[in-house]
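Undergrad: Have a look at this one.
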Amino acid sequence: MPAFVNLDKTTAFTALVQGSRPAPLSSLLNKERVESMEIPLGGGLRYNYASKFVDQSVLKALQALSDEVQSIEKYKLILSGETMNTGEGRKVLHHLCRGRLGGEVNFGGKELGAFYAGELSKIREFAESVRSGKLRSASGKAFDTVCQIGIGGSDLGPRALYLALEAYAREKGLLKLRAEFISNVDPDDANLVMSRIDPHTTLFILVSKSGTTQETLANETFVRKILEAKGVDPAKQMLAVTSETSPLAKNPNYMKSFYIDDFIGGRYSSTSAVGAVVLSLAFGPETFDAILKGAHEADKLALESDILKNPSLLDALLGVYERNVLGYPSTAILPYSQALSRFPAHLQQLDMESNGKQVNRDGSAITYSTGPVIFGEPGTNGQHSFFQLLHQGTDIVPLQFIGFKRAQTLFDVNVEGSSSQQKLKANLCAQIIAFAKGKQDANPTKNFPGARPSSLIWGESLSPEALGALLAHYENKVMFQGFIWNLNSFDQEGVQLGKVLTKQVLSGASNDTALQAYAGLLGL
């Protein structure tokens, strides 16, 4: 069994802190470095780290750190079905949803790999019957819209993946059902979505693993009331994605149920039934299978012990170096692809809910920094928003760029000698160099200090396979960082206190006078 130790107790981390620092980025970057410092990521993507603040001595030290904390051995424990979510006493099995990399995983009298595959097979069959028009709405009309009701991991990941492939699917003629999402308990969210859909041709998916999520159940009731007012029987147009032990399971109020279990964490659930149902209905089961294929390819690469052959592990180690040695508190995710407009929001939950912890996996306090603040926006929009601080602010913020050679759509125009896609790519390249090298100027307001490190994930285009690999890359990066920081990256106790206090406010049972006062300000 691998040893679980705090980062500051490892010999390799002490050596890393005491080691020499690389030369300035401005002097390191050249053609040879850019072309040589990248590795395959899966799904046709590549991970380029040429603009990271590292040299061979740092990479050697990071390899030693990975070896000492036994990163790959711990990943193999996850794949074999060991209880790696120590806080909740659960297995961690999202990798198993997209392919087997370990042996059989058994629990409660069933083999879980077969269970996940079986649910996926049921989803494929159901999606094909809806998309073909064989299965129709209660009014006899073909479904043209699917609306997912869920929050957190039941919304952010699936929504990000849907938006990532919507233009691709339209271009390929694969988009049969348009997707909508209701997540916020704010009634304005549900009202707005319901105002732009036809209830008679919309299939609704309620997603709640426990079947007790407050916001989701409130939105379900909201939607049901509207459907009933429009003469639509909700039981004939609403699905449930839940666990087999929840109140939603085998419930006559839903036309059909698909199942996940407690071993699939919400923020890791996009490749389970949570994402499979909505994406298979919208784009087709074959498109979702391609997402799984790309994710599995990235998962397999994550088994490499050589960090220069393992992009998610290398990305994780570079992030730890920037967080714990160089002292950078945040990371910006900058996709130069409008299709990935909500991907940074998904990564905020994935990273910050997983590794925003101040105790280790055994519950003991730690004394070093853990997960960074994650934020981002698509380029070039971000350039006209927060890039000022990234270039000339007092904090250095490591950057992760994502870009593609080709757009998902075919139509483009030339303006001033270049197409829109060429302008997008030119901006991306320019930003990497501007951040790394800066510009000296006698006018202090025009001086760019540079030395802002970045990485680049790039490929030919954002295909389903590329999207799956990209998703898995970040999931595995977060996992490896959790191993290195000795955290439990798979629970989220930080969201629970607010839920408890919310119930106190709504029931009027709180004895906290300040809480009562704030409730009074808002008319509660």
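In the structure tokens, chains take the letters A, B, ... in the order shown, each chain's residues start at 1, and ligands count up from 1 in the order shown.
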Could you name the residues that touch Leu292 of chain A at 9 Å or less, counting only C-alpha atoms, but leaving out those on the same chain fewer than 4 positions away, as JSON, numbers by chain?

TA: {"A": [97, 98, 99, 271, 287, 288, 296, 297, 464, 465, 468, 469]}

Undergrad: Write the residues of the selection above to a file with N, CA and C atoms, as a PDB file, in the first residue's frame.

TA:
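The result, stored in again18.pdb:
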ATOM      1  N   CYS A  97     -16.496   4.571 -15.789  1.00  0.00           N
ATOM      2  CA  CYS A  97     -17.618   4.888 -16.686  1.00  0.00           C
ATOM      3  C   CYS A  97     -17.187   4.950 -18.143  1.00  0.00           C
ATOM      4  N   ARG A  98     -15.907   5.155 -18.394  1.00  0.00           N
ATOM      5  CA  ARG A  98     -15.455   5.306 -19.789  1.00  0.00           C
ATOM      6  C   ARG A  98     -14.458   4.231 -20.214  1.00  0.00           C
ATOM      7  N   GLY A  99     -14.352   3.162 -19.429  1.00  0.00           N
ATOM      8  CA  GLY A  99     -13.504   2.058 -19.841  1.00  0.00           C
ATOM      9  C   GLY A  99     -12.726   1.474 -18.684  1.00  0.00           C
ATOM     10  N   THR A 271     -19.217  11.947 -17.482  1.00  0.00           N
ATOM     11  CA  THR A 271     -19.124  10.778 -18.347  1.00  0.00           C
ATOM     12  C   THR A 271     -19.956   9.610 -17.824  1.00  0.00           C
ATOM     13  N   THR A 287     -21.872  10.117 -30.652  1.00  0.00           N
ATOM     14  CA  THR A 287     -21.081  11.284 -30.245  1.00  0.00           C
ATOM     15  C   THR A 287     -20.649  11.145 -28.791  1.00  0.00           C
ATOM     16  N   PHE A 288     -21.560  10.681 -27.938  1.00  0.00           N
ATOM     17  CA  PHE A 288     -21.174  10.488 -26.538  1.00  0.00           C
ATOM     18  C   PHE A 288     -20.132   9.383 -26.416  1.00  0.00           C
ATOM     19  N   HIS A 296     -11.055   8.029 -22.157  1.00  0.00           N
ATOM     20  CA  HIS A 296     -10.342   6.792 -21.821  1.00  0.00           C
ATOM     21  C   HIS A 296      -8.894   6.852 -22.294  1.00  0.00           C
ATOM     22  N   GLU A 297      -8.677   7.445 -23.449  1.00  0.00           N
ATOM     23  CA  GLU A 297      -7.311   7.583 -23.959  1.00  0.00           C
ATOM     24  C   GLU A 297      -6.461   8.437 -23.010  1.00  0.00           C
ATOM     25  N   PRO A 464     -15.521  15.578 -30.525  1.00  0.00           N
ATOM     26  CA  PRO A 464     -15.945  14.874 -29.307  1.00  0.00           C
ATOM     27  C   PRO A 464     -14.799  14.139 -28.620  1.00  0.00           C
ATOM     28  N   GLU A 465     -13.907  13.501 -29.413  1.00  0.00           N
ATOM     29  CA  GLU A 465     -12.766  12.801 -28.813  1.00  0.00           C
ATOM     30  C   GLU A 465     -11.844  13.778 -28.090  1.00  0.00           C
ATOM     31  N   GLY A 468     -13.479  14.901 -24.801  1.00  0.00           N
ATOM     32  CA  GLY A 468     -13.374  13.884 -23.768  1.00  0.00           C
ATOM     33  C   GLY A 468     -11.992  13.827 -23.154  1.00  0.00           C
ATOM     34  N   ALA A 469     -10.963  13.920 -23.996  1.00  0.00           N
ATOM     35  CA  ALA A 469      -9.588  13.910 -23.497  1.00  0.00           C
ATOM     36  C   ALA A 469      -9.303  15.145 -22.650  1.00  0.00           C
TER      37      ALA A 469
END

Undergrad: Residues at most 8 Å from segment 326-328 of chain A, counting only C-alpha atoms, excluding those fewer than 2 positions away in the same chain, as a list in words?

TA: Tyr321, Glu322, Arg323, Asn324, Ser330, Asp395, Ile396, Val397 and Pro398 of chain A

Undergrad: Give me, as a PyMOL selection string, all polymer residues having an atom no more than 9 Å from Thr202 of chain A, counting only C-alpha atoms and skipping those fewer than 4 positions away in the same chain.

TA: chain A and resi 137+142-147+177+197-198+237-238

Undergrad: Can you tell me which residues surround Leu308 of chain A at a distance of at most 9 Å, considering only C-alpha atoms, apart from same-chain residues fewer than 2 positions away, and format the answer as JSON, numbers by chain?

TA: {"A": [37, 38, 39, 59, 63, 304, 305, 306, 310, 311, 313, 314]}

Undergrad: Would you put the residues from that selection into a file with N, CA and C atoms, as a short mmCIF file (atom, residue, chain, number, x, y, z; two decimals), in the first residue's frame?

TA:
data_model
loop_
_atom_site.label_atom_id
_atom_site.label_comp_id
_atom_site.auth_asym_id
_atom_site.auth_seq_id
_atom_site.Cartn_x
_atom_site.Cartn_y
_atom_site.Cartn_z
N MET A 37 9.10 20.91 -26.16
CA MET A 37 8.52 20.73 -24.83
C MET A 37 7.00 20.56 -24.92
N GLU A 38 6.58 19.45 -25.54
CA GLU A 38 5.17 19.11 -25.56
C GLU A 38 5.01 17.61 -25.72
N ILE A 39 3.86 17.11 -25.25
CA ILE A 39 3.60 15.68 -25.27
C ILE A 39 2.14 15.43 -25.64
N LEU A 59 12.39 19.83 -13.69
CA LEU A 59 11.66 18.66 -14.14
C LEU A 59 12.16 17.39 -13.45
N GLN A 63 9.93 14.98 -11.03
CA GLN A 63 9.85 13.53 -11.21
C GLN A 63 10.13 12.81 -9.89
N GLU A 304 1.23 6.53 -17.06
CA GLU A 304 2.69 6.61 -17.31
C GLU A 304 3.42 7.17 -16.09
N SER A 305 4.44 6.48 -15.64
CA SER A 305 5.21 6.96 -14.47
C SER A 305 6.19 8.06 -14.85
N ASP A 306 6.63 8.10 -16.12
CA ASP A 306 7.52 9.15 -16.60
C ASP A 306 6.69 10.41 -16.81
N ASN A 310 3.32 11.82 -19.40
CA ASN A 310 2.05 11.83 -18.69
C ASN A 310 1.60 13.29 -18.52
N PRO A 311 0.80 13.82 -19.46
CA PRO A 311 0.49 15.25 -19.44
C PRO A 311 -0.29 15.71 -18.22
N LEU A 313 -0.24 14.41 -15.18
CA LEU A 313 0.67 14.39 -14.03
C LEU A 313 1.66 15.54 -14.11
N LEU A 314 2.21 15.79 -15.31
CA LEU A 314 3.13 16.90 -15.47
C LEU A 314 2.44 18.23 -15.18
#

Undergrad: Which one of A:Gly211, A:Pro24, A:Gly438, A:Gly133 sits closest to Gln392 of chain A if you count only C-alpha atoms?

TA: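 Closest to Gln392 of chain A, using only C-alpha atoms: A:Gly438.
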
Undergrad: Separation of atom CA of Thr221 of chain A and atom CA of Ser243 of chain A, in Å?

TA: 19.7 Å
